[in-house]
Each structure stands twice: as structure tokens, then as C-alpha cells.
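**Q** Next comes entry-v6.txt, compact mmCIF, C-alpha atoms:
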# COMPACT_ATOMS: atom_id res chain seq x y z
CA MET A 1 -5.79 31.58 -12.25
CA ILE A 2 -9.49 31.73 -11.43
CA ILE A 3 -10.74 31.72 -7.84
CA LEU A 4 -14.44 32.51 -7.47
CA ASN A 5 -16.22 32.62 -4.12
CA ASN A 6 -13.23 31.03 -2.41
CA VAL A 7 -13.43 27.94 -4.66
CA ILE A 8 -10.46 26.67 -6.67
CA ARG A 9 -10.14 23.83 -9.16
CA VAL A 10 -7.62 21.01 -8.65
CA GLU A 11 -5.69 21.86 -11.81
CA GLU A 12 -5.16 25.41 -10.52
CA ALA A 13 -4.56 24.51 -6.89
CA VAL A 14 -1.61 22.22 -7.67
CA THR A 15 0.15 25.06 -9.51
CA LEU A 16 -0.04 27.50 -6.58
CA ASP A 17 3.23 28.76 -5.11
CA ARG A 18 3.77 27.12 -1.71
CA PRO A 19 0.21 25.85 -1.21
CA THR A 20 -0.83 24.20 2.04
CA PHE A 21 -3.63 21.70 1.65
CA ILE A 22 -5.74 21.06 4.74
CA ASP A 23 -7.72 17.83 4.84
CA VAL A 24 -10.68 18.21 7.21
CA ARG A 25 -11.79 14.57 6.88
CA SER A 26 -11.41 11.99 9.63
CA PRO A 27 -7.97 10.42 10.30
CA GLU A 28 -9.14 7.16 8.75
CA GLU A 29 -10.22 8.85 5.52
CA TYR A 30 -6.93 10.76 5.45
CA SER A 31 -4.86 7.59 5.88
CA VAL A 32 -6.60 5.88 2.96
CA GLY A 33 -5.71 8.70 0.58
CA HIS A 34 -4.70 12.35 0.75
CA ILE A 35 -2.91 15.02 -1.24
CA PRO A 36 0.86 14.66 -0.61
CA GLY A 37 1.94 16.97 2.20
CA ALA A 38 -1.62 17.79 3.25
CA VAL A 39 -2.20 18.63 6.91
CA ASN A 40 -4.98 16.65 8.58
CA ILE A 41 -7.14 18.89 10.76
CA PRO A 42 -10.24 16.70 11.13
CA LEU A 43 -13.67 18.05 12.01
CA PHE A 44 -14.64 14.59 13.28
CA ASN A 45 -12.55 11.77 14.65
CA ASN A 46 -13.26 8.28 13.30
CA ASP A 47 -15.95 7.45 15.89
CA GLU A 48 -17.65 10.84 15.53
CA ARG A 49 -17.79 10.48 11.75
CA ALA A 50 -19.33 7.02 12.11
CA HIS A 51 -21.91 8.43 14.57
CA VAL A 52 -22.90 11.29 12.25
CA GLY A 53 -23.12 8.89 9.31
CA ALA A 54 -25.33 6.48 11.22
CA THR A 55 -27.59 9.34 12.30
CA TYR A 56 -27.90 10.49 8.69
CA LYS A 57 -28.92 7.03 7.49
CA GLN A 58 -31.14 5.98 10.39
CA ILE A 59 -32.83 9.25 11.42
CA GLY A 60 -32.37 11.99 8.86
CA VAL A 61 -30.38 14.82 7.33
CA GLU A 62 -31.37 17.57 9.79
CA GLU A 63 -30.59 15.43 12.82
CA ALA A 64 -27.18 14.57 11.37
CA LYS A 65 -26.45 18.25 10.72
CA HIS A 66 -27.36 19.20 14.28
CA LEU A 67 -25.17 16.42 15.67
CA GLY A 68 -22.28 17.49 13.47
CA LEU A 69 -22.67 21.11 14.55
CA ALA A 70 -22.64 20.11 18.21
CA ILE A 71 -19.45 18.11 17.75
CA VAL A 72 -17.59 20.71 15.67
CA SER A 73 -18.62 23.82 17.63
CA THR A 74 -16.29 23.04 20.53
CA LYS A 75 -13.38 22.46 18.16
CA LEU A 76 -13.69 25.62 16.09
CA PRO A 77 -11.35 27.86 18.13
CA ASP A 78 -8.55 25.32 17.89
CA ILE A 79 -9.15 24.69 14.16
CA VAL A 80 -9.17 28.41 13.40
CA GLY A 81 -5.98 28.85 15.43
CA GLN A 82 -4.15 26.11 13.54
CA VAL A 83 -5.17 27.45 10.14
CA ARG A 84 -4.35 31.03 11.16
CA GLN A 85 -0.78 29.99 12.00
CA LEU A 86 -0.36 28.44 8.56
CA HIS A 87 -1.89 31.50 6.93
CA LYS A 88 0.47 33.84 8.81
CA SER A 89 3.48 31.97 7.46
CA GLY A 90 2.53 33.22 4.00
CA GLN A 91 1.28 29.92 2.67
CA LYS A 92 -1.82 29.77 0.46
CA VAL A 93 -4.32 27.56 2.28
CA VAL A 94 -6.68 25.23 0.41
CA MET A 95 -9.25 23.24 2.37
CA TYR A 96 -10.80 20.01 1.17
CA CYS A 97 -13.09 17.20 2.28
CA TRP A 98 -14.35 14.21 0.31
CA ARG A 99 -16.39 15.93 -2.42
CA GLY A 100 -15.95 19.62 -1.66
CA GLY A 101 -19.16 19.62 0.34
CA MET A 102 -20.39 20.78 3.70
CA ARG A 103 -17.32 19.99 5.82
CA SER A 104 -14.81 22.07 3.90
CA LYS A 105 -17.33 24.75 2.88
CA SER A 106 -18.42 25.40 6.46
CA ILE A 107 -14.84 25.80 7.70
CA VAL A 108 -13.90 28.11 4.82
CA ASN A 109 -16.91 30.31 5.69
CA VAL A 110 -15.99 30.40 9.39
CA LEU A 111 -12.38 31.27 8.56
CA GLU A 112 -13.53 34.03 6.22
CA MET A 113 -15.58 35.56 9.04
CA MET A 114 -12.48 35.42 11.26
CA GLY A 115 -10.42 37.25 8.66
CA VAL A 116 -8.46 34.22 7.48
CA SER A 117 -8.52 33.91 3.69
CA THR A 118 -8.65 30.33 2.46
CA SER A 119 -9.98 28.48 -0.59
CA GLN A 120 -12.15 25.40 -0.92
CA LEU A 121 -11.04 22.69 -3.35
CA LEU A 122 -13.77 22.19 -5.91
CA GLY A 123 -14.86 18.55 -5.89
CA GLY A 124 -12.69 17.78 -2.86
CA TYR A 125 -10.38 14.79 -2.60
CA LYS A 126 -12.54 12.83 -5.04
CA ALA A 127 -11.71 15.38 -7.77
CA TYR A 128 -8.01 15.26 -6.84
CA ARG A 129 -7.98 11.45 -7.04
CA GLN A 130 -9.49 11.60 -10.53
CA TYR A 131 -6.94 14.24 -11.52
CA VAL A 132 -4.08 11.91 -10.44
CA LEU A 133 -5.51 8.94 -12.33
CA ASP A 134 -6.00 11.03 -15.48
CA ARG A 135 -2.48 12.47 -15.28
CA LEU A 136 -0.84 9.07 -14.79
CA ARG A 137 -2.81 7.54 -17.64
CA THR A 138 -1.64 10.16 -20.11
CA PHE A 139 1.70 11.14 -18.55
CA GLU A 140 4.49 11.59 -21.10
CA ILE A 141 7.71 10.41 -19.46
CA LYS A 142 10.50 12.41 -21.10
CA PRO A 143 13.61 11.06 -19.29
CA LEU A 144 15.21 7.77 -20.24
CA ILE A 145 14.38 5.16 -17.59
CA VAL A 146 17.44 3.24 -16.37
CA VAL A 147 16.45 0.00 -14.63
CA LEU A 148 18.67 -1.71 -12.04
CA CYS A 149 18.24 -5.48 -12.42
CA GLY A 150 19.79 -8.31 -10.48
CA SER A 151 19.23 -11.18 -8.09
CA THR A 152 17.94 -10.68 -4.56
CA GLY A 153 20.77 -9.43 -2.35
CA THR A 154 22.88 -7.79 -5.06
CA GLY A 155 22.29 -4.44 -3.35
CA LYS A 156 19.88 -2.76 -5.75
CA THR A 157 18.04 -0.81 -3.06
CA ILE A 158 21.25 0.13 -1.23
CA ILE A 159 22.79 1.42 -4.45
CA LEU A 160 19.58 3.24 -5.36
CA ASN A 161 19.78 5.10 -2.03
CA ARG A 162 23.43 5.98 -2.60
CA LEU A 163 22.64 7.30 -6.05
CA ALA A 164 19.90 9.50 -4.62
CA LYS A 165 22.30 10.92 -2.00
CA ARG A 166 24.60 11.89 -4.86
CA ASN A 167 21.80 13.84 -6.56
CA ILE A 168 21.03 11.26 -9.23
CA PRO A 169 17.32 11.30 -10.22
CA VAL A 170 15.94 8.19 -8.51
CA ILE A 171 12.44 6.90 -7.83
CA ASP A 172 12.35 4.22 -5.15
CA LEU A 173 9.16 2.41 -6.10
CA GLU A 174 9.32 -0.06 -3.22
CA LYS A 175 9.66 2.80 -0.74
CA LEU A 176 6.62 4.55 -2.24
CA ALA A 177 4.68 1.28 -2.01
CA ASN A 178 6.10 0.54 1.47
CA HIS A 179 6.62 -3.01 0.26
CA ARG A 180 9.72 -4.92 -0.88
CA GLY A 181 7.88 -6.72 -3.64
CA SER A 182 8.23 -10.31 -2.42
CA VAL A 183 6.48 -12.86 -0.22
CA PHE A 184 8.43 -11.41 2.73
CA GLY A 185 8.05 -7.88 1.40
CA GLN A 186 5.70 -6.44 4.01
CA ILE A 187 7.33 -7.86 7.13
CA GLY A 188 8.49 -5.14 9.51
CA LEU A 189 7.19 -2.25 7.41
CA GLY A 190 3.74 -1.73 8.90
CA ARG A 191 0.82 -0.98 6.62
CA PRO A 192 1.54 -0.92 2.88
CA ALA A 193 0.75 2.22 0.93
CA THR A 194 -2.75 2.47 -0.44
CA ALA A 195 -3.20 2.79 -4.19
CA GLN A 196 -4.42 6.36 -3.66
CA ASN A 197 -1.29 7.48 -1.80
CA PHE A 198 1.11 5.50 -3.99
CA ASP A 199 -0.31 7.02 -7.18
CA ALA A 200 -0.20 10.56 -5.80
CA GLU A 201 3.38 10.26 -4.55
CA LEU A 202 4.51 8.63 -7.79
CA LEU A 203 2.95 11.40 -9.86
CA LYS A 204 4.75 13.99 -7.74
CA GLU A 205 8.09 12.26 -8.30
CA LEU A 206 7.54 11.92 -12.03
CA GLU A 207 6.70 15.61 -12.33
CA VAL A 208 9.78 16.63 -10.31
CA PHE A 209 12.16 14.62 -12.52
CA ASN A 210 10.49 15.00 -15.91
CA ASP A 211 13.04 17.57 -17.09
CA GLN A 212 16.00 15.30 -16.26
CA PRO A 213 17.87 13.25 -18.89
CA TYR A 214 17.22 9.99 -17.02
CA ILE A 215 15.57 8.45 -13.96
CA VAL A 216 16.95 5.37 -12.19
CA VAL A 217 14.54 2.78 -10.80
CA GLU A 218 14.77 -0.77 -9.54
CA CYS A 219 13.38 -3.54 -11.73
CA GLU A 220 9.82 -4.32 -10.65
CA SER A 221 6.85 -6.22 -11.96
CA LYS A 222 3.72 -4.22 -12.68
CA ARG A 223 2.43 -5.05 -9.20
CA ILE A 224 4.28 -4.14 -5.99
CA GLY A 225 2.41 -5.51 -3.00
CA ASN A 226 -1.13 -4.25 -3.45
CA VAL A 227 -0.38 -1.33 -5.81
CA TYR A 228 0.21 -1.23 -9.55
CA LEU A 229 2.54 0.77 -11.75
CA PRO A 230 0.77 2.91 -14.35
CA ASP A 231 1.21 1.76 -17.94
CA SER A 232 3.08 4.96 -18.77
CA LEU A 233 5.90 4.14 -16.36
CA PHE A 234 5.85 0.37 -16.80
CA ASN A 235 6.19 0.70 -20.56
CA ALA A 236 8.98 3.27 -20.17
CA MET A 237 10.82 0.81 -17.89
CA ARG A 238 10.50 -1.97 -20.47
CA GLN A 239 11.81 0.32 -23.20
CA GLY A 240 14.57 1.87 -21.09
CA LYS A 241 18.17 0.87 -20.40
CA LYS A 242 18.70 -2.36 -18.44
CA MET A 243 21.64 -2.59 -16.04
CA LEU A 244 22.53 -6.00 -14.56
CA LEU A 245 24.08 -6.05 -11.08
CA SER A 246 25.86 -9.20 -9.95
CA THR A 247 27.83 -10.46 -6.99
CA ASP A 248 28.80 -13.67 -5.20
CA VAL A 249 26.05 -15.59 -3.39
CA GLU A 250 27.88 -15.40 -0.04
CA ILE A 251 28.05 -11.61 -0.32
CA ARG A 252 24.36 -11.57 -1.14
CA ILE A 253 23.61 -13.60 1.99
CA ASP A 254 25.76 -11.30 4.15
CA ARG A 255 24.04 -8.26 2.69
CA LEU A 256 20.54 -9.58 3.31
CA ILE A 257 21.33 -10.61 6.87
CA GLU A 258 22.79 -7.19 7.62
CA GLU A 259 19.93 -5.34 5.96
CA TYR A 260 17.16 -7.34 7.62
CA LEU A 261 18.70 -8.34 10.96
CA ASP A 262 16.10 -6.46 13.02
CA ILE A 263 13.32 -7.94 10.93
CA TYR A 264 14.54 -11.49 11.59
CA SER A 265 14.73 -10.77 15.32
CA ASN A 266 11.43 -8.96 15.83
CA ASN A 267 8.98 -10.54 13.40
CA GLN A 268 9.27 -14.27 13.94
CA GLU A 269 5.58 -15.10 13.62
CA ALA A 270 5.25 -13.16 10.36
CA ILE A 271 8.34 -14.85 8.92
CA ILE A 272 7.06 -18.29 9.87
CA ALA A 273 3.72 -17.49 8.21
CA SER A 274 5.54 -16.38 5.05
CA ILE A 275 7.57 -19.60 4.95
CA GLU A 276 4.35 -21.59 5.38
CA SER A 277 2.89 -19.74 2.38
CA LEU A 278 5.71 -21.09 0.19
CA ARG A 279 4.86 -24.77 0.66
CA LYS A 280 3.18 -25.12 -2.74
CA ARG A 281 6.18 -23.55 -4.48
CA ILE A 282 9.11 -25.20 -2.72
CA GLY A 283 7.46 -28.34 -1.34
CA ASN A 284 6.76 -29.54 2.19
CA LYS A 285 10.24 -30.97 2.76
CA LYS A 286 12.06 -27.71 2.06
CA ALA A 287 9.45 -25.69 3.95
CA ASP A 288 9.85 -27.92 7.00
CA HIS A 289 13.64 -27.60 6.72
CA LEU A 290 13.41 -23.80 6.56
CA LEU A 291 11.11 -23.67 9.58
CA GLU A 292 13.40 -25.93 11.60
CA ARG A 293 16.51 -23.89 10.72
CA PHE A 294 14.76 -20.58 11.39
CA LYS A 295 13.40 -21.67 14.78
CA SER A 296 16.85 -22.94 15.76
CA GLY A 297 18.36 -19.54 14.91
CA ASN A 298 20.33 -20.60 11.84
CA ILE A 299 19.39 -17.57 9.78
CA ARG A 300 22.22 -17.95 7.29
CA ASP A 301 20.99 -21.36 6.17
CA VAL A 302 17.46 -20.02 5.82
CA VAL A 303 18.58 -17.10 3.66
CA LYS A 304 20.76 -19.33 1.49
CA VAL A 305 18.00 -21.85 0.83
CA LEU A 306 15.52 -19.08 0.05
CA LEU A 307 17.94 -17.51 -2.41
CA MET A 308 18.96 -20.67 -4.23
CA ASP A 309 15.68 -22.59 -4.14
CA TYR A 310 13.10 -19.79 -4.35
CA TYR A 311 14.27 -16.32 -5.38
CA ASP A 312 16.96 -17.24 -7.93
CA PRO A 313 14.79 -19.72 -9.88
CA MET A 314 11.88 -17.26 -9.80
CA TYR A 315 13.80 -14.27 -11.16
CA GLY A 316 16.33 -16.17 -13.29
CA TYR A 317 19.14 -13.58 -13.15
CA GLU A 318 21.79 -16.14 -12.18
CA LYS A 319 21.34 -17.92 -15.52
CA THR A 320 20.69 -14.88 -17.65
CA ASP A 321 22.85 -13.89 -20.62
CA PRO A 322 24.70 -10.63 -19.81
CA SER A 323 24.46 -9.65 -23.47
CA ASP A 324 20.71 -9.20 -22.94
CA TYR A 325 21.49 -6.08 -20.88
CA ASP A 326 22.81 -2.69 -21.90
CA THR A 327 25.57 -2.84 -19.31
CA CYS A 328 26.72 -5.03 -16.40
CA VAL A 329 28.08 -3.85 -13.06
CA LYS A 330 29.92 -5.91 -10.47
CA ALA A 331 28.35 -5.07 -7.11
CA ASP A 332 30.76 -6.73 -4.63
CA ASP A 333 31.53 -3.22 -3.36
CA VAL A 334 28.42 -1.00 -3.38
CA GLU A 335 30.44 2.24 -3.35
CA GLN A 336 32.44 1.19 -6.39
CA ALA A 337 29.27 -0.02 -8.08
CA THR A 338 27.66 3.36 -7.40
CA ASP A 339 30.63 5.12 -8.99
CA ASP A 340 30.47 2.84 -12.02
CA ILE A 341 26.76 3.48 -12.47
CA ILE A 342 27.22 7.25 -12.23
CA GLN A 343 29.95 7.10 -14.86
CA TYR A 344 27.61 5.14 -17.14
CA LEU A 345 24.81 7.66 -16.55
CA GLN A 346 27.09 10.59 -17.32
CA GLU A 347 28.03 9.00 -20.62
CA LEU A 348 24.34 8.48 -21.38
CA GLY A 349 23.64 12.15 -20.76
CA ARG A 350 26.27 13.42 -23.18
If you took the structure in this file and wrote it as C-alpha cells, what would it be?
**A**
Amino acid sequence: MIILNNVIRVEEAVTLDRPTFIDVRSPEEYSVGHIPGAVNIPLFNNDERAHVGATYKQIGVEEAKHLGLAIVSTKLPDIVGQVRQLHKSGQKVVMYCWRGGMRSKSIVNVLEMMGVSTSQLLGGYKAYRQYVLDRLRTFEIKPLIVVLCGSTGTGKTIILNRLAKRNIPVIDLEKLANHRGSVFGQIGLGRPATAQNFDAELLKELEVFNDQPYIVVECESKRIGNVYLPDSLFNAMRQGKKMLLSTDVEIRIDRLIEEYLDIYSNNQEAIIASIESLRKRIGNKKADHLLERFKSGNIRDVVKVLLMDYYDPMYGYEKTDPSDYDTCVKADDVEQATDDIIQYLQELGR
């Protein structure tokens, strides 16, 4: 490992034992994309960063530097105190900003003077982002990918969570994307994951499980919300084992109502907007019917119509040939289905 003048390359930083990455950028920059697990200790809040940037563009470099110094100087004792606590816990501290420039360099120098040894990430977050993209593009997925397929409401996500609790290697792609992968997929979840954060978290999961015999995922298209699966994983999913889950439509309706009850109750405007967006696909008559039933509180009818007239025709699992899949699992009881899947996986691993 090479660390010169308190500077460390991304490839070396990610291999450190128990590293703590500190992101000194503004909260807004951090939310758009950051190293997984990084602590945000911003030099500037969002408004302060905008003010310094405007000063740089409209007046000049020196004026922007003086403004930045005035803002940061009052925060230094608190910043040093926070980093010192992390340093005392024995963790190796790596600071970064956008390009490994003035923000992270200045704090590393101040910390060094205060007797707190830290490193600056060479190239900053920009270099880390490129590292993630390069790794995903060339990543060799060694485990067999086992894909859970099935109609909406068959319990794929529920079963995926149960498998994870029983120490089966699982990657929940919709959770990483913070999106359920449908026209109603973002309702009740807040902001979806950015491509930067999704890619970084996915890479971390792939690296954790790459020595396992298999990884279980839910069937997804290449796009989930506003993020995309890398070709390495998407191709591995297409070439992996396909497992078809099935259950009765009434059970599917019950399951969806139970799973999304709070969403139906607390996000009425968003649901109405999503139904409106389906007019071109299901026609005005059905859309009007769905809106009338939803507004009158008849959620079961709404879910049933959406399943039978929208989701099922779109995905086609209800008419699929079971022989097209490597195995089929009845999912009326999710616990039994979980047991059956684990038995299948154990046989795969022999």
C-alpha cells in the first residue's frame, strides 16, 4: 500500500481494514452520490456552497477563497472534534471532496497540525465514481444467479427477505433502487436512489457475495425506476436459473393489500396520478372505473382490475409455460415456499 503526503488512491483506500470515509462536501452533493457508509461532515451547507460558487464565478478566485475561509473557520473546532473521535476508535480516516481539491486538502492539513492522522482521497469522489463504473463494467460474477419470477403479488419480495434472514445470499435490487419497478413503484418510498448510489451499493453487494455458489435476485428489467442494471449482472440474470412462483389471484390480492395498506391510505393523490398515467394503456373507461372505485374506498376491486387488466398482460406469467423455467414453486404459503427454495438451492450447491 502506498500513501504519500497523506494522499491515497481509490483502489488502495477501498482495501483498507475498517476505513472511515469522510465526505466534506455539502449535504446536497452527498445525497446525489457518496461512498457507501461515508460520514458527511460538510465544510459548507447547501446555501453556503452556492454563495461561494457564485462569488467564484462573478467576482474571482481570491474573493471566493476568503469567503470560504470565513465560513469554515468557525466550524473547524467542531469538525476536528468529530474526526478525532473517529480516529480514536481505531478507524483509518480518509477524507474526500469532489475532485480531491482544496476542501479535503485543507482539512487534512488542519487535522495533521492537530495531531490527527488522516488521508486525502486522490481524485476525490469523482475518482471513486469512475472506479465503480469501471468495476461494474468488467465485473466477473462468479456465483450462479437464481432469479425469482412470477406475477405481481406472488410474494417475490417477501420471500426474498425471508431468504436473506436465513443467510441465503440475496441482492434486493428494488430496495437498492428504492423503487418497486412499476408505475406505482415510487409511491410512499420517498426519493429514488440516484444512479451513483445505486451503482456503489450494488458493487458492494456483488463483492460481498462473489465467493458464494449462488445469489438470489428478483426478476427485473434492465431499468428499475431511474437506474439501470450493469450488463455484467443483467447478462448473468438472463443466463442463470429461473424459478417461477405462482399462487391464486385472490391470495395475490390479499398479499398486495396487506403489503401496501399504508400506501393506499396515505398517498391518495400519488395513486390517482398513477392511475391517470395508465389511460393510454388500459383505456379511459377502465381508468375512470379504477378512479371511481379507489375514491369510494373499494381497494380490493382496484387491485384486482390492475392485476388482471394491466400487470398480468404486461408480464405474461399467468399464461407462461412452466417448462420454460428451471423449477416451479407454489407460493400460497410464503414460509413453505421459502423452505422449498432453500432445498432447491442446497441441491444446486452440491
**Q** When you look at Arg84 (chain A) with a cut-off of 12 Å (counting only C-alpha atoms), what residues show up, excluding the ones that are within fewer than 6 positions of it in the same chain? I need them as a VMD selection string.
**A** chain A and resid 20 22 76 to 78 90 to 93 108 110 to 112 114 to 118
**Q** Give me, as a list in words, all polymer residues having an atom no more than 8 Å from Arg300 (chain A), counting only C-alpha atoms and skipping those fewer than 3 positions away in the same chain.
**A** Ile253, Ile257, Val303 and Lys304 of chain A
**Q** Any idea what's packed within 10 Å of Tyr30 (chain A), counting only C-alpha atoms, ignoring anything in its chain fewer than 4 positions away? Could you give it as a list of chain:residue names?
**A**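 Once the nearby chain positions are removed, what remains is A:Asp23, A:Val24, A:Arg25, A:Ser26, A:His34, A:Ile35, A:Ala38, A:Val39, A:Asn40, A:Ile41, A:Pro42, A:Cys97, A:Trp98, A:Tyr125, A:Asn197.
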**Q** Write out as an mmCIF file with C-alpha atoms, in the coordinates of the input which residues come within 9 Å of region 126-134 of chain A when counting all atoms listed in the file, dropping same-chain ones fewer than 2 positions away.
**A**
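That gives us around.cif:
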data_model
loop_
_atom_site.group_PDB
_atom_site.id
_atom_site.type_symbol
_atom_site.label_atom_id
_atom_site.label_comp_id
_atom_site.auth_asym_id
_atom_site.auth_seq_id
_atom_site.Cartn_x
_atom_site.Cartn_y
_atom_site.Cartn_z
ATOM 1 C CA ARG A 9 -10.140 23.830 -9.160
ATOM 2 C CA VAL A 10 -7.620 21.010 -8.650
ATOM 3 C CA GLU A 11 -5.690 21.860 -11.810
ATOM 4 C CA GLY A 33 -5.710 8.700 0.580
ATOM 5 C CA HIS A 34 -4.700 12.350 0.750
ATOM 6 C CA ILE A 35 -2.910 15.020 -1.240
ATOM 7 C CA CYS A 97 -13.090 17.200 2.280
ATOM 8 C CA TRP A 98 -14.350 14.210 0.310
ATOM 9 C CA ARG A 99 -16.390 15.930 -2.420
ATOM 10 C CA GLY A 100 -15.950 19.620 -1.660
ATOM 11 C CA LEU A 121 -11.040 22.690 -3.350
ATOM 12 C CA LEU A 122 -13.770 22.190 -5.910
ATOM 13 C CA GLY A 123 -14.860 18.550 -5.890
ATOM 14 C CA GLY A 124 -12.690 17.780 -2.860
ATOM 15 C CA LEU A 136 -0.840 9.070 -14.790
ATOM 16 C CA ARG A 137 -2.810 7.540 -17.640
ATOM 17 C CA THR A 138 -1.640 10.160 -20.110
ATOM 18 C CA PHE A 139 1.700 11.140 -18.550
ATOM 19 C CA GLN A 196 -4.420 6.360 -3.660
ATOM 20 C CA ASP A 199 -0.310 7.020 -7.180
ATOM 21 C CA ALA A 200 -0.200 10.560 -5.800
ATOM 22 C CA LEU A 203 2.950 11.400 -9.860
ATOM 23 C CA PRO A 230 0.770 2.910 -14.350
#
**Q** Distance CA of Asp339 (chain A)-CA of Leu163 (chain A), one decimal place?
**A**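 Computing it gives 8.8 Å between the two atoms.
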**Q** Of the residues A:Asn298, A:Gln85, A:Thr55, A:Gln239, which is the one nearest to Asp326 (chain A), using all atoms listed in the file?
**A** A:Gln239
**Q** Between A:Ile272, A:Leu244, A:Ile59, A:Ala54, which one has atoms that come closest to Leu148 (chain A), using only C-alpha atoms?
**A**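 Comparing A:Ile272, A:Leu244, A:Ile59, A:Ala54 against Leu148 (chain A), the winner is A:Leu244.
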**Q** Work out how far CA of His51 (chain A) is from CA of Leu67 (chain A), in Å to one decimal.
**A**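 It comes out at 8.7 Å.
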**Q** In Å to one decimal, how far is CA of Glu318 (chain A) from CA of Ala287 (chain A)?
**A**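 So the two atoms, CA of Ala287 (chain A) and CA of Glu318 (chain A), lie 22.4 Å apart.
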